[in-house]
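The next block is upload_33.pdb, given as PDB, C-alpha atoms and all ligand atoms.
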```
ATOM      1  CA  MET L  12     188.073 218.125 -75.349
ATOM      2  CA  LYS L  13     189.441 215.520 -77.749
ATOM      3  CA  LEU L  14     190.168 211.999 -76.470
ATOM      4  CA  ILE L  15     192.409 209.948 -78.755
ATOM      5  CA  LEU L  16     192.719 206.180 -78.317
ATOM      6  CA  ALA L  17     195.919 204.356 -79.250
ATOM      7  CA  GLN L  18     195.779 201.471 -81.701
ATOM      8  CA  PRO L  19     196.753 198.813 -80.782
ATOM      9  CA  ARG L  20     196.153 198.878 -77.030
ATOM     10  CA  GLY L  21     195.171 196.426 -74.312
ATOM     11  CA  PHE L  22     195.111 192.647 -74.436
ATOM     12  CA  CYS L  23     197.817 190.779 -76.340
ATOM     13  CA  ALA L  24     197.598 187.191 -77.595
ATOM     14  CA  GLY L  25     199.511 185.803 -74.598
ATOM     15  CA  VAL L  26     197.134 187.405 -72.098
ATOM     16  CA  VAL L  27     194.047 186.222 -73.986
ATOM     17  CA  ARG L  28     195.459 182.682 -74.018
ATOM     18  CA  ALA L  29     196.231 182.745 -70.278
ATOM     19  CA  ILE L  30     192.780 184.012 -69.297
ATOM     20  CA  ASP L  31     191.060 181.572 -71.688
ATOM     21  CA  THR L  32     193.096 178.733 -70.166
ATOM     22  CA  VAL L  33     191.695 179.443 -66.695
ATOM     23  CA  ASP L  34     188.183 179.969 -68.054
ATOM     24  CA  ARG L  35     188.215 176.717 -70.038
ATOM     25  CA  ALA L  36     189.658 174.785 -67.090
ATOM     26  CA  LEU L  37     186.836 176.073 -64.876
ATOM     27  CA  ASP L  38     184.295 175.081 -67.537
ATOM     28  CA  ARG L  39     185.811 171.612 -67.815
ATOM     29  CA  VAL L  40     186.506 170.596 -64.213
ATOM     30  CA  GLY L  41     184.493 173.133 -62.220
ATOM     31  CA  ALA L  42     185.725 175.279 -59.324
ATOM     32  CA  PRO L  43     188.191 175.553 -57.812
ATOM     33  CA  VAL L  44     191.080 175.824 -60.234
ATOM     34  CA  TYR L  45     194.367 176.997 -58.716
ATOM     35  CA  VAL L  46     196.535 179.600 -60.418
ATOM     36  CA  ARG L  47     200.140 180.155 -59.413
ATOM     37  CA  HIS L  48     200.754 183.900 -59.287
ATOM     38  CA  GLU L  49     198.376 186.462 -60.810
ATOM     39  CA  ILE L  50     197.514 184.956 -64.206
ATOM     40  CA  VAL L  51     198.289 188.380 -65.709
ATOM     41  CA  HIS L  52     199.068 191.586 -63.836
ATOM     42  CA  ASN L  53     195.591 193.058 -63.630
ATOM     43  CA  ARG L  54     193.417 193.176 -60.500
ATOM     44  CA  HIS L  55     190.174 193.310 -62.485
ATOM     45  CA  VAL L  56     191.090 190.177 -64.448
ATOM     46  CA  VAL L  57     192.094 188.365 -61.250
ATOM     47  CA  GLU L  58     188.900 189.341 -59.412
ATOM     48  CA  THR L  59     186.729 188.283 -62.369
ATOM     49  CA  LEU L  60     188.362 184.844 -62.418
ATOM     50  CA  GLN L  61     188.161 184.583 -58.621
ATOM     51  CA  ALA L  62     184.409 185.175 -58.862
ATOM     52  CA  LYS L  63     184.210 182.205 -61.244
ATOM     53  CA  GLY L  64     186.131 179.938 -58.859
ATOM     54  CA  ALA L  65     189.838 180.476 -59.519
ATOM     55  CA  ILE L  66     192.081 180.539 -56.453
ATOM     56  CA  PHE L  67     195.340 182.466 -56.779
ATOM     57  CA  VAL L  68     198.356 181.297 -54.795
ATOM     58  CA  GLU L  69     201.987 182.384 -54.725
ATOM     59  CA  GLU L  70     203.521 178.980 -54.010
ATOM     60  CA  LEU L  71     202.682 175.447 -55.099
ATOM     61  CA  ASP L  72     202.523 174.135 -51.532
ATOM     62  CA  GLU L  73     199.302 176.141 -51.180
ATOM     63  CA  VAL L  74     197.689 173.920 -53.849
ATOM     64  CA  PRO L  75     195.823 170.851 -52.500
ATOM     65  CA  THR L  76     196.800 167.406 -53.799
ATOM     66  CA  GLY L  77     195.298 166.638 -57.190
ATOM     67  CA  ALA L  78     193.971 170.164 -57.861
ATOM     68  CA  VAL L  79     194.199 171.574 -61.386
ATOM     69  CA  THR L  80     196.993 174.171 -61.392
ATOM     70  CA  VAL L  81     197.621 176.884 -63.969
ATOM     71  CA  PHE L  82     201.002 178.555 -64.403
ATOM     72  CA  SER L  83     200.715 182.253 -65.245
ATOM     73  CA  ALA L  84     201.606 183.924 -68.561
ATOM     74  CA  HIS L  85     204.920 185.086 -67.064
ATOM     75  CA  GLY L  86     206.335 181.562 -66.880
ATOM     76  CA  VAL L  87     207.873 179.567 -64.030
ATOM     77  CA  SER L  88     211.239 178.079 -63.159
ATOM     78  CA  LYS L  89     212.201 174.432 -63.747
ATOM     79  CA  GLU L  90     212.102 174.035 -59.961
ATOM     80  CA  VAL L  91     208.401 174.926 -59.910
ATOM     81  CA  GLU L  92     207.707 172.630 -62.895
ATOM     82  CA  ASN L  93     209.536 169.773 -61.171
ATOM     83  CA  ALA L  94     207.770 170.350 -57.849
ATOM     84  CA  ALA L  95     204.393 170.190 -59.622
ATOM     85  CA  ARG L  96     205.441 167.002 -61.427
ATOM     86  CA  ALA L  97     206.682 165.393 -58.188
ATOM     87  CA  ARG L  98     203.293 166.062 -56.614
ATOM     88  CA  GLY L  99     201.433 164.750 -59.652
ATOM     89  CA  LEU L 100     199.468 167.997 -60.016
ATOM     90  CA  PRO L 101     197.499 168.324 -63.255
ATOM     91  CA  VAL L 102     199.210 171.406 -64.704
ATOM     92  CA  LEU L 103     198.086 173.792 -67.435
ATOM     93  CA  ASP L 104     201.057 175.863 -68.488
ATOM     94  CA  ALA L 105     199.803 179.292 -69.625
ATOM     95  CA  THR L 106     203.346 180.633 -70.067
ATOM     96  CA  CYS L 107     203.211 182.915 -73.106
ATOM     97  CA  PRO L 108     204.812 181.109 -76.063
ATOM     98  CA  LEU L 109     206.944 184.210 -76.644
ATOM     99  CA  VAL L 110     208.372 183.881 -73.126
ATOM    100  CA  SER L 111     209.014 180.161 -73.727
ATOM    101  CA  LYS L 112     210.831 181.114 -76.929
ATOM    102  CA  VAL L 113     213.236 183.289 -74.900
ATOM    103  CA  HIS L 114     213.840 180.369 -72.499
ATOM    104  CA  ALA L 115     214.754 178.097 -75.420
ATOM    105  CA  GLN L 116     217.010 180.739 -76.929
ATOM    106  CA  GLY L 117     218.847 181.187 -73.605
ATOM    107  CA  ARG L 118     219.381 177.442 -73.273
ATOM    108  CA  ARG L 119     220.876 177.334 -76.778
ATOM    109  CA  TYR L 120     223.308 180.157 -75.973
ATOM    110  CA  VAL L 121     224.436 178.452 -72.760
ATOM    111  CA  ALA L 122     224.847 175.109 -74.579
ATOM    112  CA  SER L 123     227.085 176.851 -77.113
ATOM    113  CA  GLY L 124     229.455 177.832 -74.285
ATOM    114  CA  ARG L 125     228.638 181.525 -73.952
ATOM    115  CA  HIS L 126     228.146 183.514 -70.752
ATOM    116  CA  LEU L 127     224.492 184.496 -70.698
ATOM    117  CA  VAL L 128     223.276 187.983 -69.812
ATOM    118  CA  LEU L 129     219.566 188.513 -69.178
ATOM    119  CA  ILE L 130     218.410 192.083 -69.687
ATOM    120  CA  GLY L 131     215.436 192.511 -67.362
ATOM    121  CA  HIS L 132     214.117 193.730 -64.037
ATOM    122  CA  ALA L 133     215.026 191.794 -60.875
ATOM    123  CA  GLY L 134     212.030 190.386 -59.039
ATOM    124  CA  HIS L 135     209.615 190.424 -61.988
ATOM    125  CA  PRO L 136     208.003 186.965 -62.255
ATOM    126  CA  GLU L 137     208.994 186.589 -65.915
ATOM    127  CA  VAL L 138     212.628 187.226 -64.980
ATOM    128  CA  GLU L 139     212.417 184.825 -62.023
ATOM    129  CA  GLY L 140     211.003 182.170 -64.353
ATOM    130  CA  THR L 141     213.636 182.767 -67.051
ATOM    131  CA  LEU L 142     216.488 182.643 -64.512
ATOM    132  CA  GLY L 143     215.114 179.300 -63.330
ATOM    133  CA  GLN L 144     214.603 177.835 -66.801
ATOM    134  CA  ILE L 145     218.178 178.027 -68.008
ATOM    135  CA  PRO L 146     220.973 175.937 -66.466
ATOM    136  CA  GLY L 147     224.158 177.666 -65.384
ATOM    137  CA  PRO L 148     224.879 181.162 -64.091
ATOM    138  CA  ILE L 149     223.016 184.058 -65.719
ATOM    139  CA  HIS L 150     224.068 187.670 -65.290
ATOM    140  CA  LEU L 151     221.040 189.920 -64.798
ATOM    141  CA  VAL L 152     221.373 193.535 -65.934
ATOM    142  CA  ALA L 153     218.744 196.246 -66.172
ATOM    143  CA  THR L 154     220.753 199.329 -67.135
ATOM    144  CA  VAL L 155     223.862 200.494 -68.948
ATOM    145  CA  ALA L 156     225.450 201.059 -65.529
ATOM    146  CA  ASP L 157     224.831 197.396 -64.638
ATOM    147  CA  VAL L 158     226.820 196.329 -67.724
ATOM    148  CA  SER L 159     229.911 198.126 -66.473
ATOM    149  CA  LEU L 160     229.652 196.148 -63.203
ATOM    150  CA  LEU L 161     229.691 192.718 -64.906
ATOM    151  CA  ASP L 162     232.536 190.677 -63.517
ATOM    152  CA  LEU L 163     233.657 189.013 -66.783
ATOM    153  CA  PRO L 164     236.818 189.389 -68.901
ATOM    154  CA  ALA L 165     236.288 191.507 -72.026
ATOM    155  CA  ASP L 166     237.239 188.651 -74.372
ATOM    156  CA  GLU L 167     234.785 186.077 -72.932
ATOM    157  CA  PRO L 168     232.063 185.067 -75.440
ATOM    158  CA  VAL L 169     228.792 186.594 -74.267
ATOM    159  CA  ALA L 170     225.183 186.192 -75.389
ATOM    160  CA  TYR L 171     222.150 188.086 -74.182
ATOM    161  CA  ILE L 172     218.404 187.571 -74.039
ATOM    162  CA  THR L 173     215.789 190.036 -72.798
ATOM    163  CA  GLN L 174     212.584 190.240 -70.811
ATOM    164  CA  THR L 175     209.676 190.519 -73.287
ATOM    165  CA  THR L 176     208.138 193.725 -71.942
ATOM    166  CA  LEU L 177     211.044 196.176 -71.782
ATOM    167  CA  SER L 178     211.450 199.620 -73.315
ATOM    168  CA  VAL L 179     212.819 199.105 -76.822
ATOM    169  CA  ASP L 180     215.004 202.224 -76.597
ATOM    170  CA  GLU L 181     216.514 201.474 -73.189
ATOM    171  CA  THR L 182     217.196 197.883 -74.212
ATOM    172  CA  ARG L 183     218.981 199.056 -77.350
ATOM    173  CA  ASP L 184     221.245 201.195 -75.130
ATOM    174  CA  VAL L 185     222.038 198.233 -72.864
ATOM    175  CA  ILE L 186     222.844 196.052 -75.897
ATOM    176  CA  GLU L 187     225.185 198.753 -77.229
ATOM    177  CA  ALA L 188     226.890 198.874 -73.835
ATOM    178  CA  LEU L 189     227.399 195.079 -73.951
ATOM    179  CA  LYS L 190     228.918 195.338 -77.436
ATOM    180  CA  ALA L 191     231.228 198.117 -76.261
ATOM    181  CA  ARG L 192     232.309 196.132 -73.197
ATOM    182  CA  PHE L 193     232.826 192.668 -74.778
ATOM    183  CA  SER L 194     234.566 191.679 -78.003
ATOM    184  CA  ASP L 195     232.313 188.698 -78.846
ATOM    185  CA  VAL L 196     228.618 189.393 -78.222
ATOM    186  CA  THR L 197     225.643 187.717 -79.847
ATOM    187  CA  GLY L 198     221.934 188.111 -79.267
ATOM    188  CA  PRO L 199     218.578 188.843 -80.871
ATOM    189  CA  GLY L 200     218.816 192.654 -80.836
ATOM    190  CA  THR L 201     215.517 193.929 -79.453
ATOM    191  CA  ALA L 202     213.555 191.079 -81.065
ATOM    192  CA  ASP L 203     212.903 189.356 -77.706
ATOM    193  CA  ILE L 204     210.748 192.341 -76.775
ATOM    194  CA  CYS L 205     207.459 190.901 -77.920
ATOM    195  CA  TYR L 206     205.352 192.163 -80.828
ATOM    196  CA  ALA L 207     202.637 193.423 -78.453
ATOM    197  CA  THR L 208     205.074 195.474 -76.365
ATOM    198  CA  GLN L 209     206.706 196.936 -79.474
ATOM    199  CA  ASN L 210     203.379 197.747 -81.158
ATOM    200  CA  ARG L 211     201.996 199.445 -78.023
ATOM    201  CA  GLN L 212     205.189 201.469 -77.564
ATOM    202  CA  ASN L 213     205.124 202.602 -81.220
ATOM    203  CA  ALA L 214     201.439 203.531 -80.909
ATOM    204  CA  VAL L 215     201.971 205.520 -77.714
ATOM    205  CA  ARG L 216     204.732 207.538 -79.381
ATOM    206  CA  GLU L 217     202.355 208.408 -82.185
ATOM    207  CA  LEU L 218     199.669 209.241 -79.632
ATOM    208  CA  CYS L 219     201.993 211.583 -77.739
ATOM    209  CA  GLU L 220     202.676 213.546 -80.952
ATOM    210  CA  GLN L 221     199.084 214.760 -80.619
ATOM    211  CA  ALA L 222     198.092 214.462 -76.967
ATOM    212  CA  GLU L 223     199.014 216.850 -74.159
ATOM    213  CA  LEU L 224     198.165 214.386 -71.408
ATOM    214  CA  LEU L 225     198.674 210.601 -71.540
ATOM    215  CA  LEU L 226     196.634 208.106 -69.545
ATOM    216  CA  VAL L 227     197.725 204.469 -69.509
ATOM    217  CA  VAL L 228     195.276 201.874 -68.221
ATOM    218  CA  GLY L 229     197.209 199.192 -66.389
ATOM    219  CA  SER L 230     198.343 197.815 -63.067
ATOM    220  CA  PRO L 231     201.342 199.298 -61.214
ATOM    221  CA  LYS L 232     202.785 195.737 -61.345
ATOM    222  CA  SER L 233     202.492 195.533 -65.142
ATOM    223  CA  SER L 234     205.907 195.971 -66.741
ATOM    224  CA  ASN L 235     204.673 196.867 -70.226
ATOM    225  CA  SER L 236     202.129 199.367 -68.829
ATOM    226  CA  ASN L 237     204.826 201.162 -66.835
ATOM    227  CA  ARG L 238     207.011 201.372 -69.946
ATOM    228  CA  LEU L 239     204.128 203.025 -71.858
ATOM    229  CA  ARG L 240     203.768 205.702 -69.186
ATOM    230  CA  GLU L 241     207.529 206.277 -69.184
ATOM    231  CA  ILE L 242     207.509 206.853 -72.956
ATOM    232  CA  GLY L 243     204.888 209.563 -72.427
ATOM    233  CA  VAL L 244     207.139 211.227 -69.833
ATOM    234  CA  GLU L 245     210.187 210.922 -72.132
ATOM    235  CA  MET L 246     208.170 212.705 -74.810
ATOM    236  CA  GLY L 247     207.491 215.567 -72.422
ATOM    237  CA  ARG L 248     203.876 214.681 -71.634
ATOM    238  CA  VAL L 249     202.237 214.531 -68.250
ATOM    239  CA  ALA L 250     201.434 210.826 -67.967
ATOM    240  CA  TYR L 251     199.502 208.765 -65.412
ATOM    241  CA  LEU L 252     198.978 205.042 -64.948
ATOM    242  CA  VAL L 253     195.350 204.378 -63.920
ATOM    243  CA  GLU L 254     193.732 201.068 -62.975
ATOM    244  CA  ASP L 255     190.260 202.170 -64.109
ATOM    245  CA  GLY L 256     187.991 205.200 -64.449
ATOM    246  CA  SER L 257     187.701 205.732 -60.685
ATOM    247  CA  ALA L 258     191.391 206.710 -60.607
ATOM    248  CA  VAL L 259     190.988 209.667 -62.975
ATOM    249  CA  ASP L 260     191.447 212.974 -61.145
ATOM    250  CA  PRO L 261     189.449 215.764 -62.843
ATOM    251  CA  ALA L 262     192.206 218.227 -61.907
ATOM    252  CA  TRP L 263     194.479 216.440 -64.438
ATOM    253  CA  LEU L 264     192.190 217.703 -67.218
ATOM    254  CA  ASP L 265     192.433 221.394 -66.302
ATOM    255  CA  GLY L 266     193.671 223.369 -69.308
ATOM    256  CA  ILE L 267     193.987 220.209 -71.439
ATOM    257  CA  ASP L 268     192.438 220.064 -74.931
ATOM    258  CA  THR L 269     193.710 216.656 -76.092
ATOM    259  CA  VAL L 270     194.043 213.511 -73.975
ATOM    260  CA  GLY L 271     195.726 210.331 -75.236
ATOM    261  CA  LEU L 272     194.522 207.005 -73.836
ATOM    262  CA  THR L 273     196.125 203.588 -74.136
ATOM    263  CA  ALA L 274     196.228 200.348 -72.175
ATOM    264  CA  GLY L 275     198.883 197.818 -71.252
ATOM    265  CA  ALA L 276     198.765 194.277 -72.608
ATOM    266  CA  SER L 277     197.047 192.947 -69.472
ATOM    267  CA  ALA L 278     194.312 195.610 -69.259
ATOM    268  CA  PRO L 279     190.815 194.689 -70.519
ATOM    269  CA  GLU L 280     189.017 197.032 -72.918
ATOM    270  CA  GLU L 281     186.174 197.495 -70.418
ATOM    271  CA  LEU L 282     188.595 199.358 -68.148
ATOM    272  CA  VAL L 283     189.513 201.646 -71.073
ATOM    273  CA  GLN L 284     185.803 202.280 -71.520
ATOM    274  CA  SER L 285     185.451 203.067 -67.801
ATOM    275  CA  VAL L 286     188.157 205.731 -68.186
ATOM    276  CA  ILE L 287     186.330 207.216 -71.192
ATOM    277  CA  GLN L 288     183.125 207.299 -69.138
ATOM    278  CA  ALA L 289     184.892 208.970 -66.227
ATOM    279  CA  ILE L 290     186.363 211.681 -68.447
ATOM    280  CA  ALA L 291     183.003 212.184 -70.152
ATOM    281  CA  GLY L 292     181.581 212.828 -66.682
ATOM    282  CA  PHE L 293     183.966 215.757 -66.248
ATOM    283  CA  ARG L 294     184.165 217.257 -69.741
ATOM    284  CA  ASP L 295     182.379 217.247 -73.119
ATOM    285  CA  ILE L 296     184.508 214.952 -75.270
ATOM    286  CA  THR L 297     184.869 213.683 -78.790
ATOM    287  CA  VAL L 298     186.544 210.266 -79.070
ATOM    288  CA  GLU L 299     188.679 209.119 -81.969
ATOM    289  CA  THR L 300     191.072 206.220 -82.529
ATOM    290  CA  LEU L 301     194.454 206.491 -84.202
ATOM    291  CA  ASP L 302     195.061 204.454 -87.303
ATOM    292  CA  GLY L 303     197.300 201.599 -86.312
ATOM    293  CA  ILE L 304     198.185 197.963 -86.614
ATOM    294  CA  GLU L 305     195.359 195.481 -86.258
ATOM    295  CA  GLU L 306     196.847 192.521 -84.405
ATOM    296  CA  LYS L 307     195.596 189.125 -85.557
ATOM    297  CA  LEU L 308     197.996 186.811 -83.716
ATOM    298  CA  GLN L 309     196.371 184.039 -81.696
ATOM    299  CA  PHE L 310     198.024 181.282 -79.681
ATOM    300  CA  ARG L 311     196.693 177.743 -79.282
ATOM    301  CA  LEU L 312     195.483 176.845 -75.811
ATOM    302  CA  PRO L 313     197.604 174.362 -73.800
ATOM    303  CA  PRO L 314     196.876 170.845 -75.166
ATOM    304  CA  ALA L 315     196.718 169.543 -71.574
ATOM    305  CA  LEU L 316     193.300 171.227 -71.287
ATOM    306  CA  ASN L 317     191.851 168.401 -73.392
ATOM    307  CA  ARG L 318     193.290 165.819 -71.023
ATOM    308  CA  LEU L 319     191.515 167.171 -67.942
ATOM    309  CA  THR L 320     188.831 164.887 -66.633
ATOM    310  CA  PRO L 321     185.513 166.700 -67.002
ATOM    311  CA  ALA L 322     183.552 167.331 -63.801
ATOM    312  CA  PRO L 323     180.573 164.987 -63.365
ATOM    313  CA  ALA L 324     177.286 166.522 -64.548
ATOM    314  CA  ALA L 325     175.126 167.915 -61.760
ATOM    315  CA  ALA L 326     172.276 165.540 -60.723
TER     316      ALA L 326
HETATM  317 FE1  LIG L 401     203.248 187.324 -74.435
HETATM  318 FE2  LIG L 401     204.070 189.791 -75.031
HETATM  319 FE3  LIG L 401     201.661 189.418 -74.075
HETATM  320 FE4  LIG L 401     203.785 189.064 -72.488
HETATM  321  S1  LIG L 401     203.104 190.996 -73.389
HETATM  322  S2  LIG L 401     201.980 187.755 -72.616
HETATM  323  S3  LIG L 401     205.242 188.186 -73.962
HETATM  324  S4  LIG L 401     202.436 188.624 -76.049
END
```
Represent the structure from my file as structure tokens, please.
Amino acid sequence: MKLILAQPRGFCAGVVRAIDTVDRALDRVGAPVYVRHEIVHNRHVVETLQAKGAIFVEELDEVPTGAVTVFSAHGVSKEVENAARARGLPVLDATCPLVSKVHAQGRRYVASGRHLVLIGHAGHPEVEGTLGQIPGPIHLVATVADVSLLDLPADEPVAYITQTTLSVDETRDVIEALKARFSDVTGPGTADICYATQNRQNAVRELCEQAELLLVVGSPKSSNSNRLREIGVEMGRVAYLVEDGSAVDPAWLDGIDTVGLTAGASAPEELVQSVIQAIAGFRDITVETLDGIEEKLQFRLPPALNRLTPAPAAA
């Protein structure tokens, strides 16, 4: 059986930066370091950092006074930022710079007097953070049907921004619906969907041209991983989201000659390798990787890391 790996797949620059931020904070001040929300949506990543001394909390009031606190790659609301400041917590903001860019863009649209529409999924932490970063009312829509329910006159000036990890195709449809509904619409097109999401979606389309079965390594909570699986389904493939090799059911491989394998932006390569190992335990395989973009983008770590007071050396 042939196993084809997508290129690119797995970690993006924002995820690497977020994980490195926690790692470097632990190196600098020692355990524990508190992290608000899962640093990225991957259980393996979270458990690895927990083993090193990171403590994950959902709310700031779970963080003891004075403890180093990391905000996750998804971003946080102004309210959370202000609460941390009021408590004097030493904060490392690991919000992906591409998420921060969307926040700034939304603020500019609101300042210019437009009604702001956020295209995204209710309840996702990135969306919660974006809603709380921009002053004034924001209309959240996820689908074309949601656009028709917007309670705004057709001639009101409207601007839109998007969650960074959406399906490019679905988002394009929602943008078209906004343009059909309102006479004065501005926005970034699908450019708010980050480079990593777009590259992984393009690669999975190419993969599905060749593969009969698609496996996506990623967490059920990971937005971009779910979108990758959905693209496989749209292209008529049987597609499963798996957290690691232990989730592979050998029955999925019955009658299959070519399997495509990719990973969401928060899934480490070692989990991809565990899936390869699992499949190799069931079938004789050859492994090849598609030609694809080699991503070189890197983000600088939060400067506040350098301001942390190092832990005293052990006696
Ligand atoms: Fe940043 Fe995109 Fe990665 Fe999200 S998926 S952390 S927006 S690079």
### Task
Write out as a ChimeraX atom specification which residues come within 10 Å of segment 76-81 of chain L when counting all atoms listed in the file, dropping same-chain ones fewer than 2 positions away.
/L:29,32-33,36-37,40-48,50,65-68,71-74,83-84,95,98-106,316,319
Under the rule of at most 12 Å, produce a per-residue listing of segment 37-149 of chain L near segment 287-309 of chain L: chain, number, name, the closest pair of atoms, and the distance in Å, as a Markdown table, using all atoms listed in the file.
```
| residue | atom | partner | partner_atom | distance |
| --- | --- | --- | --- | --- |
| L:Cys107 | CA | L:Gln309 | CA | 11.0 |
| L:Pro108 | CA | L:Gln309 | CA | 10.6 |
| L:Leu109 | CA | L:Leu308 | CA | 11.7 |
```
### Message
My list of candidates is L:Pro168, L:Gly275, L:Gly143, L:Pro314. Which is closest to ligand LIG 401 (chain L) when distances are computed with all atoms listed in the file?
### Response
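Of the candidates, the smallest distance to ligand LIG 401 (chain L) is held by L:Gly275.
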### Message
Please compute the atom CA of Tyr206 of chain L-atom S4 of ligand LIG 401 (chain L) distance, one decimal, in Å.
### Response
6.6 Å
### Task
Would you mind telling me which residue in L:Lys112, L:Arg118, L:Arg54, L:Arg39 lies nearest to ligand LIG 401 (chain L) when using all atoms listed in the file?
L:Lys112
### Query
What residues have any atom no more than 6 Å from ligand LIG 401 (chain L) when counting only C-alpha atoms and all ligand atoms, and can you list them as a ChimeraX atom specification?
/L:23-26,84,107,109-110,175-176,205,207-208,276
### Selection: 7 Å around Arg238 of chain L, all atoms listed in the file, excl. self and same-chain fewer than 3 positions, as a list in words
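So the residues in contact are Leu177, Ser178, Ser234, Asn235, Glu241 and Ile242 of chain L.
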### Task
Would you kindly translate the PyMOL selection byres (((chain L and resi 202) around 10) and not hetatm) into the concrete residues it picks from this file, as an MDAnalysis selection string?
chainID L and resid 113 172:173 175 179 198:201 203:206 209
### Task
Determine the residue membership of the PyMOL selection byres (((chain L and resi 187) around 12) and not hetatm) for the file above and supply it as number ranges by chain.
L: 154-156, 158-159, 171, 180-186, 188-194, 196-198, 200-201
### Query
What is the atom CA of Lys13 of chain L-atom CA of Val215 of chain L distance in Å, reported with one decimal?
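Distance between the two atoms: 16.0 Å.
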### Message
Between atom CA of Ala322 of chain L and atom CA of His85 of chain L, what distance in Å does the model show, to one decimal?
### Response
28.0 Å
### Task
Name the residues in contact with Ala115 of chain L at a cut-off of 9 Å, using all atoms listed in the file, excluding same-chain residues fewer than 4 positions from it; report them as a list in words.
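So, after excluding close chain neighbours, the residues are Val110, Ser111, Arg119, Tyr120, Gln144 and Ile145 of chain L.
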#### Entry: Selected residue, from L:Val27, L:Gln174, L:Ile15, L:Val121, that lies nearest to Gly86 of chain L when counting all atoms listed in the file
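Residue with the minimum atom-to-atom distance to Gly86 of chain L: L:Gln174.
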## Note on the structure
Min atom-atom distance to Asp31 of chain L from the set L:Leu14, L:Pro321, L:Ala170, L:Val51, counting only C-alpha atoms, belongs to L:Val51
### Task
Rank nothing, just name the residue among L:Lys89, L:Arg20, L:Arg318, L:Arg248 nearest to Val228 of chain L, using only C-alpha atoms.
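That would be L:Arg20, the residue with the smallest distance to Val228 of chain L.
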### Message
Give me, as a list in words, all polymer residues having an atom no more than 6 Å from Leu151 of chain L, counting only C-alpha atoms and skipping those fewer than 2 positions away in the same chain.
### Response
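My reading of the contact set: Val128, Leu129 and Ile130 of chain L.
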### Message
For the provided coordinates, the residues matched by the PyMOL selection byres (((chain L and resi 21) around 9) and not hetatm) should be stated as a PyMOL selection string.
### Response
chain L and resi 18-20+22-23+211+228-229+273-280+283
Please write segment 35-60 of chain L of the preceding block to a file containing C-alpha atoms, as a CSV table (one decimal), in the first residue's frame?
```csv
chain,number,residue,atom,x,y,z
L,35,ARG,CA,11.6,29.2,27.4
L,36,ALA,CA,9.6,30.6,30.4
L,37,LEU,CA,10.0,27.3,32.2
L,38,ASP,CA,13.8,27.4,31.5
L,39,ARG,CA,14.0,30.9,32.8
L,40,VAL,CA,11.8,30.9,35.9
L,41,GLY,CA,11.3,27.2,36.6
L,42,ALA,CA,8.0,25.5,37.2
L,43,PRO,CA,5.2,26.2,37.5
L,44,VAL,CA,4.3,28.5,34.6
L,45,TYR,CA,0.6,29.1,34.1
L,46,VAL,CA,-1.0,28.9,30.7
L,47,ARG,CA,-4.5,30.3,30.0
L,48,HIS,CA,-6.3,27.9,27.8
L,49,GLU,CA,-4.6,25.0,25.9
L,50,ILE,CA,-1.5,26.7,24.4
L,51,VAL,CA,-2.5,25.1,21.1
L,52,HIS,CA,-5.3,22.6,20.5
L,53,ASN,CA,-3.3,19.4,20.9
L,54,ARG,CA,-3.4,17.0,23.9
L,55,HIS,CA,0.1,15.6,23.3
L,56,VAL,CA,1.6,19.1,23.2
L,57,VAL,CA,-0.3,20.1,26.4
L,58,GLU,CA,0.7,16.9,28.2
L,59,THR,CA,4.4,17.3,27.2
L,60,LEU,CA,4.4,20.9,28.6
```
